[in-house]
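*Asks:* Sharing query_37.cif (mmCIF, C-alpha atoms (C1' of nucleotides)) below.
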data_start
#
loop_
_atom_site.label_atom_id
_atom_site.label_comp_id
_atom_site.auth_asym_id
_atom_site.auth_seq_id
_atom_site.Cartn_x
_atom_site.Cartn_y
_atom_site.Cartn_z
CA MET B 1 -124.79 -79.82 107.91
CA THR B 2 -125.28 -76.22 108.86
CA ALA B 3 -124.35 -73.15 106.88
CA ASP B 4 -120.71 -72.43 106.10
CA ARG B 5 -118.92 -70.20 108.51
CA SER B 6 -116.58 -67.61 107.12
CA LYS B 7 -114.55 -68.02 110.31
CA PRO B 8 -114.77 -71.54 111.60
CA THR B 9 -113.45 -71.44 115.13
CA TYR B 10 -112.32 -74.57 116.87
CA PHE B 11 -111.17 -73.08 120.16
CA PRO B 12 -114.59 -72.78 121.83
CA GLN B 13 -115.21 -76.45 121.19
CA LEU B 14 -111.82 -77.35 122.65
CA ALA B 15 -112.32 -75.13 125.69
CA ALA B 16 -115.67 -76.75 126.40
CA GLU B 17 -114.18 -80.24 126.24
CA ARG B 18 -110.85 -79.58 127.95
CA LEU B 19 -111.29 -77.64 131.17
CA ASP B 20 -107.53 -77.74 131.79
CA ILE B 21 -106.83 -75.99 128.49
CA ALA B 22 -109.50 -73.35 129.09
CA LEU B 23 -107.99 -72.66 132.49
CA CYS B 24 -104.45 -72.36 131.15
CA ARG B 25 -105.41 -70.10 128.26
CA ALA B 26 -107.44 -67.81 130.50
CA SER B 27 -104.57 -67.69 132.96
CA ALA B 28 -102.08 -66.84 130.24
CA ALA B 29 -104.21 -63.91 129.13
CA VAL B 30 -104.57 -62.66 132.70
CA ALA B 31 -100.87 -63.12 133.46
CA ARG B 32 -100.05 -61.15 130.35
CA ALA B 33 -102.25 -58.30 131.50
CA ALA B 34 -100.75 -58.44 134.98
CA ASP B 35 -97.20 -58.28 133.64
CA ALA B 36 -98.06 -55.36 131.40
CA HIS B 37 -99.71 -53.54 134.29
CA ALA B 38 -96.81 -54.26 136.61
CA GLY B 39 -94.33 -53.14 133.96
CA GLU B 40 -96.06 -49.80 133.59
CA HIS B 41 -95.73 -49.21 137.32
CA GLY B 42 -92.13 -50.36 137.49
CA LEU B 43 -92.71 -53.00 140.15
CA GLY B 44 -92.81 -56.66 139.09
CA VAL B 45 -95.72 -58.87 140.15
CA GLY B 46 -93.47 -60.99 142.35
CA GLN B 47 -91.94 -57.94 144.01
CA HIS B 48 -95.38 -56.55 144.70
CA LEU B 49 -96.54 -59.78 146.30
CA VAL B 50 -93.45 -60.01 148.48
CA LEU B 51 -93.92 -56.48 149.80
CA LYS B 52 -97.61 -57.15 150.34
CA MET B 53 -96.95 -60.27 152.36
CA LEU B 54 -94.17 -58.70 154.39
CA GLU B 55 -96.43 -55.85 155.41
CA ALA B 56 -99.21 -58.29 156.30
CA VAL B 57 -97.27 -60.82 158.34
CA GLY B 58 -93.97 -59.15 159.24
CA PRO B 59 -90.38 -60.27 158.51
CA CYS B 60 -90.07 -63.64 156.80
CA SER B 61 -87.46 -65.99 155.44
CA GLN B 62 -87.25 -66.33 151.67
CA GLN B 63 -88.37 -69.92 152.14
CA THR B 64 -91.61 -68.87 153.79
CA LEU B 65 -92.21 -66.22 151.16
CA SER B 66 -91.65 -68.82 148.43
CA GLU B 67 -94.06 -71.34 149.90
CA GLU B 68 -96.86 -68.91 150.68
CA LEU B 69 -96.65 -66.93 147.45
CA ARG B 70 -96.11 -70.04 145.29
CA ILE B 71 -92.96 -68.54 143.81
CA ASP B 72 -90.04 -70.89 143.23
CA ARG B 73 -87.28 -70.31 145.78
CA THR B 74 -84.65 -69.85 143.07
CA VAL B 75 -86.79 -67.08 141.59
CA MET B 76 -87.30 -65.56 145.04
CA VAL B 77 -83.56 -64.90 145.20
CA SER B 78 -83.62 -62.45 142.31
CA VAL B 79 -86.93 -60.94 143.41
CA CYS B 80 -85.42 -60.11 146.81
CA ASP B 81 -82.18 -58.99 145.17
CA ASP B 82 -84.08 -56.41 143.14
CA LEU B 83 -86.16 -55.29 146.11
CA GLU B 84 -83.02 -54.90 148.21
CA LYS B 85 -81.22 -52.93 145.49
CA ALA B 86 -84.22 -50.61 145.28
CA GLY B 87 -84.15 -50.17 149.06
CA HIS B 88 -87.60 -51.66 149.55
CA VAL B 89 -86.48 -54.49 151.84
CA ARG B 90 -83.54 -55.30 154.08
CA ARG B 91 -82.03 -58.77 154.42
CA GLU B 92 -80.97 -59.35 157.99
CA ARG B 93 -79.65 -62.65 159.25
CA ASN B 94 -81.94 -64.50 161.60
CA PRO B 95 -79.83 -64.93 164.82
CA ARG B 96 -81.79 -68.06 165.75
CA ASP B 97 -81.11 -69.76 162.44
CA ARG B 98 -78.28 -68.22 160.52
CA ARG B 99 -79.07 -70.22 157.40
CA SER B 100 -82.07 -68.02 156.78
CA TYR B 101 -82.65 -64.33 156.33
CA ALA B 102 -85.27 -62.22 158.01
CA VAL B 103 -86.47 -60.22 155.02
CA THR B 104 -87.88 -56.95 156.34
CA ILE B 105 -89.85 -54.28 154.54
CA THR B 106 -88.50 -50.72 154.77
CA ASP B 107 -90.46 -47.47 154.99
CA ALA B 108 -89.61 -46.81 151.35
CA GLY B 109 -90.94 -50.28 150.54
CA ARG B 110 -94.17 -49.51 152.39
CA ARG B 111 -94.65 -46.33 150.39
CA ARG B 112 -93.92 -48.15 147.13
CA LEU B 113 -96.39 -50.86 148.08
CA ALA B 114 -99.09 -48.32 148.85
CA GLU B 115 -98.66 -46.80 145.39
CA ALA B 116 -98.84 -50.18 143.70
CA GLU B 117 -101.84 -51.30 145.75
CA ALA B 118 -103.75 -48.20 144.74
CA SER B 119 -103.72 -49.27 141.09
CA ILE B 120 -104.84 -52.86 141.70
CA PRO B 121 -108.62 -52.34 141.91
CA GLU B 122 -108.68 -50.69 138.51
CA PHE B 123 -106.47 -53.42 137.08
CA LEU B 124 -108.80 -56.13 138.39
CA GLU B 125 -111.79 -54.26 137.06
CA ASP B 126 -110.23 -53.99 133.59
CA THR B 127 -109.04 -57.57 133.49
CA PHE B 128 -112.25 -59.18 134.73
CA HIS B 129 -114.77 -56.73 133.31
CA GLY B 130 -116.28 -59.63 131.36
CA LEU B 131 -117.59 -61.04 134.63
CA THR B 132 -120.10 -59.58 137.05
CA SER B 133 -119.20 -59.15 140.68
CA ALA B 134 -121.16 -62.26 141.62
CA GLU B 135 -119.43 -64.26 138.92
CA ARG B 136 -116.03 -63.16 140.18
CA ASP B 137 -116.94 -64.38 143.63
CA GLN B 138 -118.07 -67.67 142.12
CA LEU B 139 -114.81 -68.01 140.22
CA SER B 140 -112.82 -67.17 143.32
CA ALA B 141 -114.64 -69.84 145.32
CA LEU B 142 -114.14 -72.47 142.61
CA LEU B 143 -110.44 -71.72 142.30
CA GLY B 144 -110.15 -71.88 146.09
CA ARG B 145 -111.58 -75.38 146.07
CA LEU B 146 -109.36 -76.39 143.18
CA LEU B 147 -106.35 -75.17 145.19
CA ARG B 148 -107.74 -77.03 148.19
CA LEU B 149 -107.85 -73.95 150.34
CA PRO B 150 -109.81 -73.90 153.59
CA ASP B 151 -113.02 -71.88 153.35
CA MET U 1 -109.40 -76.77 168.81
CA THR U 2 -110.05 -73.22 167.87
CA ALA U 3 -106.78 -71.31 168.11
CA ASP U 4 -104.41 -73.95 166.78
CA ARG U 5 -102.25 -71.89 164.47
CA SER U 6 -99.06 -73.88 164.19
CA LYS U 7 -98.88 -72.95 160.47
CA PRO U 8 -100.14 -69.48 159.73
CA THR U 9 -100.83 -69.43 156.01
CA TYR U 10 -101.01 -66.24 154.01
CA PHE U 11 -101.84 -67.70 150.62
CA PRO U 12 -105.60 -68.17 151.15
CA GLN U 13 -105.92 -64.53 152.12
CA LEU U 14 -104.00 -63.47 149.02
CA ALA U 15 -106.02 -65.75 146.74
CA ALA U 16 -109.26 -64.29 148.09
CA GLU U 17 -108.10 -60.76 147.43
CA ARG U 18 -106.31 -61.24 144.11
CA LEU U 19 -108.40 -63.22 141.67
CA ASP U 20 -105.67 -62.95 139.06
CA ILE U 21 -103.14 -64.64 141.34
CA ALA U 22 -105.56 -67.40 142.31
CA LEU U 23 -106.21 -68.06 138.64
CA CYS U 24 -102.53 -68.17 137.71
CA ARG U 25 -101.57 -70.45 140.61
CA ALA U 26 -104.41 -72.86 139.90
CA SER U 27 -103.44 -72.87 136.23
CA ALA U 28 -99.80 -73.56 137.05
CA ALA U 29 -100.79 -76.56 139.14
CA VAL U 30 -103.04 -77.90 136.40
CA ALA U 31 -100.45 -77.28 133.68
CA ARG U 32 -97.91 -79.16 135.76
CA ALA U 33 -100.25 -82.11 136.03
CA ALA U 34 -100.98 -81.97 132.30
CA ASP U 35 -97.29 -81.92 131.39
CA ALA U 36 -96.60 -84.84 133.71
CA HIS U 37 -99.49 -86.79 132.25
CA ALA U 38 -98.45 -85.98 128.69
CA GLY U 39 -94.85 -86.90 129.46
CA GLU U 40 -95.90 -90.33 130.73
CA HIS U 41 -97.71 -90.99 127.47
CA GLY U 42 -94.89 -89.68 125.31
CA LEU U 43 -96.99 -87.11 123.47
CA GLY U 44 -96.69 -83.43 124.43
CA VAL U 45 -99.76 -81.37 125.23
CA GLY U 46 -99.26 -79.19 122.15
CA GLN U 47 -98.78 -82.20 119.91
CA HIS U 48 -101.93 -83.78 121.28
CA LEU U 49 -103.96 -80.65 120.63
CA VAL U 50 -102.68 -80.34 117.07
CA LEU U 51 -103.62 -83.92 116.25
CA LYS U 52 -107.01 -83.43 117.90
CA MET U 53 -107.76 -80.32 115.87
CA LEU U 54 -106.53 -81.82 112.62
CA GLU U 55 -108.84 -84.80 113.04
CA ALA U 56 -111.74 -82.51 113.90
CA VAL U 57 -111.42 -79.95 111.13
CA GLY U 58 -109.12 -81.50 108.53
CA PRO U 59 -105.83 -80.21 107.09
CA CYS U 60 -104.77 -76.78 108.35
CA SER U 61 -102.00 -74.27 107.97
CA GLN U 62 -99.72 -73.81 110.97
CA GLN U 63 -101.09 -70.29 111.22
CA THR U 64 -104.64 -71.54 111.70
CA LEU U 65 -103.49 -74.14 114.20
CA SER U 66 -101.63 -71.45 116.13
CA GLU U 67 -104.58 -69.09 116.31
CA GLU U 68 -107.19 -71.67 117.25
CA LEU U 69 -105.08 -73.53 119.78
CA ARG U 70 -103.57 -70.35 121.26
CA ILE U 71 -100.06 -71.64 120.69
CA ASP U 72 -97.46 -69.14 119.50
CA ARG U 73 -96.64 -69.62 115.83
CA THR U 74 -92.91 -69.95 116.52
CA VAL U 75 -93.68 -72.74 118.97
CA MET U 76 -95.97 -74.40 116.45
CA VAL U 77 -92.96 -74.88 114.17
CA SER U 78 -91.23 -77.23 116.60
CA VAL U 79 -94.48 -78.95 117.58
CA CYS U 80 -95.11 -79.80 113.93
CA ASP U 81 -91.45 -80.73 113.45
CA ASP U 82 -91.74 -83.33 116.18
CA LEU U 83 -95.06 -84.63 114.90
CA GLU U 84 -93.65 -84.94 111.41
CA LYS U 85 -90.52 -86.76 112.62
CA ALA U 86 -92.74 -89.21 114.49
CA GLY U 87 -94.81 -89.76 111.34
CA HIS U 88 -98.01 -88.43 112.91
CA VAL U 89 -98.53 -85.64 110.36
CA ARG U 90 -97.40 -84.77 106.85
CA ARG U 91 -96.54 -81.25 105.74
CA GLU U 92 -97.70 -80.74 102.20
CA ARG U 93 -97.53 -77.44 100.41
CA ASN U 94 -100.88 -75.86 99.80
CA PRO U 95 -101.02 -75.51 95.99
CA ARG U 96 -103.37 -72.54 96.30
CA ASP U 97 -101.02 -70.65 98.60
CA ARG U 98 -97.55 -72.00 98.57
CA ARG U 99 -96.47 -69.88 101.49
CA SER U 100 -98.41 -72.14 103.80
CA TYR U 101 -98.43 -75.83 104.52
CA ALA U 102 -101.43 -78.07 104.62
CA VAL U 103 -100.63 -80.00 107.76
CA THR U 104 -102.36 -83.36 107.47
CA ILE U 105 -102.82 -86.08 110.04
CA THR U 106 -101.66 -89.57 109.07
CA ASP U 107 -103.21 -92.89 109.97
CA ALA U 108 -100.43 -93.43 112.49
CA GLY U 109 -101.27 -90.02 113.94
CA ARG U 110 -104.92 -90.98 114.22
CA ARG U 111 -104.03 -94.13 116.11
CA ARG U 112 -101.68 -92.19 118.40
CA LEU U 113 -104.39 -89.60 119.02
CA ALA U 114 -106.92 -92.30 119.89
CA GLU U 115 -104.55 -93.73 122.49
CA ALA U 116 -103.92 -90.30 124.00
CA GLU U 117 -107.60 -89.36 124.02
CA ALA U 118 -108.46 -92.53 125.90
CA SER U 119 -106.44 -91.38 128.89
CA ILE U 120 -107.87 -87.86 129.04
CA PRO U 121 -111.09 -88.55 131.00
CA GLU U 122 -109.15 -90.13 133.82
CA PHE U 123 -106.64 -87.28 133.78
CA LEU U 124 -109.42 -84.69 134.05
CA GLU U 125 -111.06 -86.68 136.80
CA ASP U 126 -107.82 -86.82 138.79
CA THR U 127 -106.95 -83.18 138.23
CA PHE U 128 -110.37 -81.75 139.04
CA HIS U 129 -111.54 -84.28 141.60
CA GLY U 130 -111.84 -81.43 144.11
CA LEU U 131 -114.81 -80.13 142.14
CA THR U 132 -118.18 -81.73 141.54
CA SER U 133 -119.45 -82.18 138.01
CA ALA U 134 -121.75 -79.17 138.41
CA GLU U 135 -118.87 -77.05 139.67
CA ARG U 136 -116.73 -78.02 136.71
CA ASP U 137 -119.49 -76.89 134.38
CA GLN U 138 -119.72 -73.63 136.31
CA LEU U 139 -115.97 -73.11 136.05
CA SER U 140 -116.04 -73.91 132.35
CA ALA U 141 -118.78 -71.35 131.77
CA LEU U 142 -116.97 -68.66 133.74
CA LEU U 143 -113.71 -69.25 131.89
CA GLY U 144 -115.60 -69.13 128.61
CA ARG U 145 -116.95 -65.72 129.47
CA LEU U 146 -113.53 -64.56 130.61
CA LEU U 147 -112.14 -65.68 127.26
CA ARG U 148 -115.07 -63.94 125.57
CA LEU U 149 -116.22 -67.08 123.83
CA PRO U 150 -119.65 -67.26 122.24
CA ASP U 151 -122.09 -69.42 124.24
"C1'" DG I 1 -96.89 -55.91 84.01
"C1'" DA I 2 -94.48 -53.41 88.15
"C1'" DC I 3 -94.18 -52.63 92.67
"C1'" DA I 4 -95.55 -52.03 97.60
"C1'" DA I 5 -97.79 -54.23 101.42
"C1'" DA I 6 -99.33 -58.22 103.72
"C1'" DT I 7 -98.93 -63.13 104.97
"C1'" DC I 8 -96.73 -67.74 106.17
"C1'" DA I 9 -93.17 -70.34 108.06
"C1'" DT I 10 -88.80 -69.93 110.09
"C1'" DC I 11 -84.75 -68.34 112.78
"C1'" DT I 12 -82.48 -65.63 116.42
"C1'" DG I 13 -82.14 -63.68 120.78
"C1'" DC I 14 -84.01 -62.35 125.29
"C1'" DT I 15 -86.59 -63.35 129.46
"C1'" DG I 16 -88.69 -66.18 132.96
"C1'" DT I 17 -89.18 -70.71 135.06
"C1'" DC I 18 -87.54 -74.75 137.08
"C1'" DA I 19 -84.36 -78.95 138.21
"C1'" DA I 20 -80.14 -80.13 140.01
"C1'" DA I 21 -76.02 -79.29 142.43
"C1'" DC I 22 -73.60 -76.61 145.96
"C1'" DA I 23 -71.91 -74.40 150.54
"C1'" DA I 24 -73.28 -73.03 155.04
"C1'" DT I 25 -75.83 -74.08 158.95
"C1'" DT I 26 -78.86 -76.58 162.05
"C1'" DG I 27 -80.85 -80.53 164.44
"C1'" DG I 28 -81.03 -85.44 165.63
"C1'" DC I 29 -78.83 -89.40 167.65
"C1'" DG I 30 -75.27 -92.53 168.85
"C1'" DC G 1 -68.76 -84.61 171.53
"C1'" DG G 2 -69.00 -86.49 166.42
"C1'" DC G 3 -71.36 -87.68 162.49
"C1'" DC G 4 -75.22 -87.72 159.26
"C1'" DA G 5 -79.56 -85.95 157.36
"C1'" DA G 6 -82.33 -81.97 156.53
"C1'" DT G 7 -82.91 -77.04 155.63
"C1'" DT G 8 -81.75 -72.27 153.63
"C1'" DG G 9 -80.03 -69.49 150.19
"C1'" DT G 10 -77.49 -69.51 145.94
"C1'" DT G 11 -75.54 -70.69 141.31
"C1'" DT G 12 -75.72 -73.10 137.09
"C1'" DG G 13 -77.76 -75.16 133.07
"C1'" DA G 14 -81.67 -76.54 130.35
"C1'" DC G 15 -85.97 -75.39 128.29
"C1'" DA G 16 -90.45 -72.92 127.06
"C1'" DG G 17 -92.53 -68.59 125.56
"C1'" DC G 18 -92.44 -64.64 122.97
"C1'" DA G 19 -90.82 -60.27 120.24
"C1'" DG G 20 -88.50 -59.10 116.15
"C1'" DA G 21 -86.22 -59.91 111.79
"C1'" DT G 22 -85.90 -62.69 107.40
"C1'" DG G 23 -87.02 -65.19 102.99
"C1'" DA G 24 -90.53 -66.83 100.08
"C1'" DT G 25 -94.93 -66.04 98.34
"C1'" DT G 26 -99.34 -63.83 97.59
"C1'" DT G 27 -102.45 -59.87 97.17
"C1'" DG G 28 -103.66 -55.25 96.05
"C1'" DT G 29 -102.88 -51.00 93.35
"C1'" DC G 30 -101.46 -48.29 89.79
#
Before anything else, please render the file you have as structure tokens.

*Replies:*
Amino acid sequence: MTADRSKPTYFPQLAAERLDIALCRASAAVARAADAHAGEHGLGVGQHLVLKMLEAVGPCSQQTLSEELRIDRTVMVSVCDDLEKAGHVRRERNPRDRRSYAVTITDAGRRRLAEAEASIPEFLEDTFHGLTSAERDQLSALLGRLLRLPD
Amino acid sequence: MTADRSKPTYFPQLAAERLDIALCRASAAVARAADAHAGEHGLGVGQHLVLKMLEAVGPCSQQTLSEELRIDRTVMVSVCDDLEKAGHVRRERNPRDRRSYAVTITDAGRRRLAEAEASIPEFLEDTFHGLTSAERDQLSALLGRLLRLPD
DNA sequence: GACAAATCATCTGCTGTCAAACAATTGGCG
DNA sequence: CGCCAATTGTTTGACAGCAGATGATTTGTC
């Protein structure tokens, strides 16, 4: 038996044994930081991602946005509602398939996105400052394989 | 076939750029698998972790369980409620500090834990089969650093 | 001892997430 | 054409997670 510990911690042992738990707890901490950061800037994480994707790939249906951003389609409704209310996107009916919308980013939305994007590098730096640049790349590659993404 | 882009996917690009998003999406997928696995075996993830910690370190207060397992203390109430109803733990008052309980695992709880533990290796194998053993160790180490755990 | 502050477990209420059901529309197939 | 299955966006209801308040108890300070 080793010396008594004034603060016996069990979590490190658990994290070492249960990779799933370590992943979830790390994610929760990061998500918390992301929400706080997004809250400060007045644009939710989901809203930011939607604007970002729209600018990258052009008008999309909510379905496509949901699938690519891994945001549930029922949640996407309110995300787009808020963006539309704020004037950051327009919802136009797709004439080829009138079940779906063609969600389109507006100029105001583009400006808002640019503001939000500007603060992301610092946010990432703060959140992952425990890892070196090489380690972040490693982590990114491992998560990519876990998500079964093409290289 | 070089230019076969029947399904242009944006997510890989996003995941490469936003490490936080990649982490959260991977975690969500893993958590989903864990919940499904736990549901099949009739013992929630939180309940399993509580039993596991109690067997490892002995009787604990709910506060200590909450802090070490990173489960909110208000959630720990219902987790322990369920465990107590099922006869897997007892809640005895700590005579030294009667504000807190000494949550204690029962023999039935130990047997239940043993059953649940037996299925974990296969669950981990299924969930992380996209990664080699060395990659899992790498991921574990990176998450440990992100969580600022001692080596 | 008296009293203020801190701690533990609990309860309440709010928010975000997701499953299931729904209407509108499209496409397939006779 | 007519009918049925699938898809898109939406609403509803259930549930987890978390902040804040509360009651009981302990600790610290005078």

*Asks:* Report the residues retrieved by the PyMOL selection byres ((chain U) within 8 of (chain I)) from the displayed file, expressed as an NGL selection string.

*Replies:* :U and (62-63 or 74 or 77 or 99-100)

*Asks:* Can you pull out every residue within 10 Å of Ile105 in chain B, counting only C-alpha atoms (C1' of nucleotides), but drop anything in the same chain fewer than 3 positions away, and send it as a list in words?

*Replies:*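 The filter keeps Val50, Leu51, Lys52, Met53, Leu54, Glu55, Gly58, Pro59, Cys60, Leu83, Glu84, Gly87, His88, Val89, Arg90, Arg91, Ala102, Ala108, Gly109, Arg110 and Leu113 of chain B.
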
*Asks:* Could you produce a table of the residues of chain G lying within 12 Å of chain U, with the nearest pair of atoms per residue and their separation in Å rounded to one decimal, using all atoms listed in the file, ordered by chain and increasing residue number, as a tab-separated table?

*Replies:*
residue	atom	partner	partner_atom	distance
G:DA16	C1'	U:Val75	CA	8.7
G:DG17	C1'	U:Asp72	CA	7.8
G:DC18	C1'	U:Asp72	CA	7.6
G:DA19	C1'	U:Thr74	CA	10.6
G:DG20	C1'	U:Thr74	CA	11.7
G:DG23	C1'	U:Arg99	CA	10.7
G:DA24	C1'	U:Arg99	CA	6.8
G:DT25	C1'	U:Arg99	CA	5.2
G:DT26	C1'	U:Asp97	CA	7.1
G:DT27	C1'	U:Asp97	CA	11.0

*Asks:* Determine, counting only C-alpha atoms (C1' of nucleotides), which protein, DNA and RNA residues have an atom within 8 Å of an atom of range 129-145 of chain U; residues of the same chain fewer than 2 positions away are not included. Present the result as a list in words.

*Replies:*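 Answer for this query is Pro12, Ala15, Ala16, Leu19, Ala22, Leu23, Ala26, Gly130, Leu131, Glu135, Leu139, Leu142, Arg145, Leu146 and Arg148 of chain B; Leu124, Glu125, Asp126, Thr127, Leu147, Arg148, Leu149, Pro150 and Asp151 of chain U.
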
*Asks:* Can I have chain B aligned to chain U? Use a least-squares fit on all Cα atoms paired in order and write it out as a short mmCIF file (atom, residue, chain, number, x, y, z; two decimals) with C-alpha atoms, in the frame of the given file.

*Replies:*
data_model
loop_
_atom_site.label_atom_id
_atom_site.label_comp_id
_atom_site.auth_asym_id
_atom_site.auth_seq_id
_atom_site.Cartn_x
_atom_site.Cartn_y
_atom_site.Cartn_z
CA MET B 1 -106.98 -62.65 168.88
CA THR B 2 -107.76 -66.27 168.22
CA ALA B 3 -105.74 -69.29 169.23
CA ASP B 4 -102.26 -69.80 167.83
CA ARG B 5 -102.01 -71.91 164.75
CA SER B 6 -99.18 -74.37 164.51
CA LYS B 7 -99.29 -73.82 160.75
CA PRO B 8 -100.35 -70.31 159.93
CA THR B 9 -101.21 -70.31 156.26
CA TYR B 10 -101.38 -67.11 154.31
CA PHE B 11 -102.19 -68.51 150.88
CA PRO B 12 -105.94 -68.99 151.38
CA GLN B 13 -106.27 -65.37 152.40
CA LEU B 14 -104.31 -64.27 149.33
CA ALA B 15 -106.31 -66.49 147.00
CA ALA B 16 -109.56 -65.07 148.33
CA GLU B 17 -108.39 -61.50 147.77
CA ARG B 18 -106.55 -61.95 144.48
CA LEU B 19 -108.62 -63.89 141.97
CA ASP B 20 -105.85 -63.57 139.37
CA ILE B 21 -103.36 -65.29 141.66
CA ALA B 22 -105.79 -68.08 142.54
CA LEU B 23 -106.39 -68.66 138.85
CA CYS B 24 -102.70 -68.76 137.99
CA ARG B 25 -101.78 -71.09 140.84
CA ALA B 26 -104.61 -73.48 140.02
CA SER B 27 -103.59 -73.42 136.38
CA ALA B 28 -99.97 -74.14 137.22
CA ALA B 29 -100.99 -77.19 139.22
CA VAL B 30 -103.22 -78.44 136.40
CA ALA B 31 -100.59 -77.76 133.73
CA ARG B 32 -98.09 -79.70 135.79
CA ALA B 33 -100.43 -82.66 135.95
CA ALA B 34 -101.13 -82.41 132.23
CA ASP B 35 -97.43 -82.37 131.36
CA ALA B 36 -96.77 -85.35 133.59
CA HIS B 37 -99.66 -87.25 132.04
CA ALA B 38 -98.58 -86.35 128.53
CA GLY B 39 -94.99 -87.34 129.31
CA GLU B 40 -96.07 -90.77 130.45
CA HIS B 41 -97.85 -91.32 127.15
CA GLY B 42 -95.01 -89.96 125.05
CA LEU B 43 -97.09 -87.34 123.26
CA GLY B 44 -96.75 -83.70 124.34
CA VAL B 45 -99.85 -81.66 125.16
CA GLY B 46 -99.30 -79.39 122.16
CA GLN B 47 -98.82 -82.34 119.81
CA HIS B 48 -101.99 -83.92 121.10
CA LEU B 49 -103.99 -80.76 120.53
CA VAL B 50 -102.65 -80.33 117.02
CA LEU B 51 -103.62 -83.87 116.05
CA LYS B 52 -107.01 -83.42 117.67
CA MET B 53 -107.73 -80.25 115.75
CA LEU B 54 -106.48 -81.64 112.46
CA GLU B 55 -108.79 -84.61 112.75
CA ALA B 56 -111.70 -82.34 113.65
CA VAL B 57 -111.34 -79.68 110.97
CA GLY B 58 -109.03 -81.15 108.33
CA PRO B 59 -105.70 -79.83 106.99
CA CYS B 60 -104.64 -76.46 108.37
CA SER B 61 -101.82 -73.97 108.14
CA GLN B 62 -99.57 -73.64 111.17
CA GLN B 63 -100.92 -70.12 111.53
CA THR B 64 -104.48 -71.34 111.92
CA LEU B 65 -103.39 -74.04 114.34
CA SER B 66 -101.53 -71.43 116.39
CA GLU B 67 -104.46 -69.05 116.61
CA GLU B 68 -107.11 -71.63 117.42
CA LEU B 69 -105.05 -73.62 119.91
CA ARG B 70 -103.54 -70.50 121.52
CA ILE B 71 -100.03 -71.82 120.95
CA ASP B 72 -97.39 -69.30 119.90
CA ARG B 73 -96.49 -69.71 116.23
CA THR B 74 -92.78 -70.03 117.00
CA VAL B 75 -93.61 -72.93 119.31
CA MET B 76 -95.89 -74.45 116.67
CA VAL B 77 -92.84 -74.89 114.44
CA SER B 78 -91.17 -77.36 116.78
CA VAL B 79 -94.46 -79.05 117.65
CA CYS B 80 -95.06 -79.77 113.95
CA ASP B 81 -91.41 -80.71 113.47
CA ASP B 82 -91.74 -83.41 116.12
CA LEU B 83 -95.07 -84.63 114.76
CA GLU B 84 -93.62 -84.82 111.26
CA LYS B 85 -90.52 -86.70 112.45
CA ALA B 86 -92.79 -89.20 114.20
CA GLY B 87 -94.81 -89.61 111.00
CA HIS B 88 -98.02 -88.32 112.56
CA VAL B 89 -98.49 -85.41 110.15
CA ARG B 90 -97.33 -84.42 106.68
CA ARG B 91 -96.42 -80.86 105.70
CA GLU B 92 -97.56 -80.20 102.16
CA ARG B 93 -97.31 -76.82 100.51
CA ASN B 94 -100.60 -75.09 99.90
CA PRO B 95 -100.66 -74.52 96.07
CA ARG B 96 -102.95 -71.50 96.50
CA ASP B 97 -100.62 -69.79 98.94
CA ARG B 98 -97.13 -71.17 98.90
CA ARG B 99 -96.14 -69.24 102.01
CA SER B 100 -98.19 -71.62 104.11
CA TYR B 101 -98.25 -75.34 104.66
CA ALA B 102 -101.26 -77.58 104.64
CA VAL B 103 -100.51 -79.67 107.72
CA THR B 104 -102.26 -83.01 107.28
CA ILE B 105 -102.78 -85.80 109.77
CA THR B 106 -101.62 -89.27 108.69
CA ASP B 107 -103.23 -92.63 109.47
CA ALA B 108 -100.47 -93.27 112.00
CA GLY B 109 -101.28 -89.88 113.54
CA ARG B 110 -104.95 -90.83 113.77
CA ARG B 111 -104.09 -94.05 115.58
CA ARG B 112 -101.76 -92.21 117.95
CA LEU B 113 -104.46 -89.64 118.63
CA ALA B 114 -107.01 -92.33 119.40
CA GLU B 115 -104.66 -93.84 121.97
CA ALA B 116 -104.02 -90.49 123.61
CA GLU B 117 -107.70 -89.54 123.61
CA ALA B 118 -108.58 -92.75 125.39
CA SER B 119 -106.58 -91.70 128.45
CA ILE B 120 -108.01 -88.18 128.70
CA PRO B 121 -111.24 -88.92 130.60
CA GLU B 122 -109.32 -90.59 133.40
CA PHE B 123 -106.82 -87.75 133.47
CA LEU B 124 -109.60 -85.17 133.77
CA GLU B 125 -111.26 -87.22 136.47
CA ASP B 126 -108.02 -87.42 138.47
CA THR B 127 -107.14 -83.78 138.03
CA PHE B 128 -110.57 -82.35 138.85
CA HIS B 129 -111.76 -84.95 141.33
CA GLY B 130 -112.05 -82.16 143.90
CA LEU B 131 -115.02 -80.81 141.96
CA THR B 132 -118.39 -82.40 141.29
CA SER B 133 -119.64 -82.75 137.76
CA ALA B 134 -121.93 -79.75 138.18
CA GLU B 135 -119.08 -77.67 139.54
CA ARG B 136 -116.91 -78.56 136.57
CA ASP B 137 -119.64 -77.38 134.25
CA GLN B 138 -119.89 -74.17 136.26
CA LEU B 139 -116.14 -73.65 136.04
CA SER B 140 -116.18 -74.35 132.33
CA ALA B 141 -118.92 -71.78 131.78
CA LEU B 142 -117.12 -69.14 133.85
CA LEU B 143 -113.84 -69.68 132.03
CA GLY B 144 -115.71 -69.48 128.72
CA ARG B 145 -117.05 -66.07 129.67
CA LEU B 146 -113.64 -64.95 130.87
CA LEU B 147 -112.21 -65.98 127.49
CA ARG B 148 -115.12 -64.18 125.84
CA LEU B 149 -116.26 -67.25 123.99
CA PRO B 150 -119.70 -67.39 122.38
CA ASP B 151 -122.13 -69.60 124.28
#

*Asks:* Enclose the full set of atoms of range 2-7 of chain G listed in the file within a box whose edges lie along x, y and z, apply 8 Å of padding to each of the six sides, and report centre and edge lengths in Å to one decimal as lines of an AutoDock Vina configuration file.

*Replies:*
center_x = -76.0
center_y = -82.4
center_z = 161.0
size_x = 29.9
size_y = 26.7
size_z = 26.8
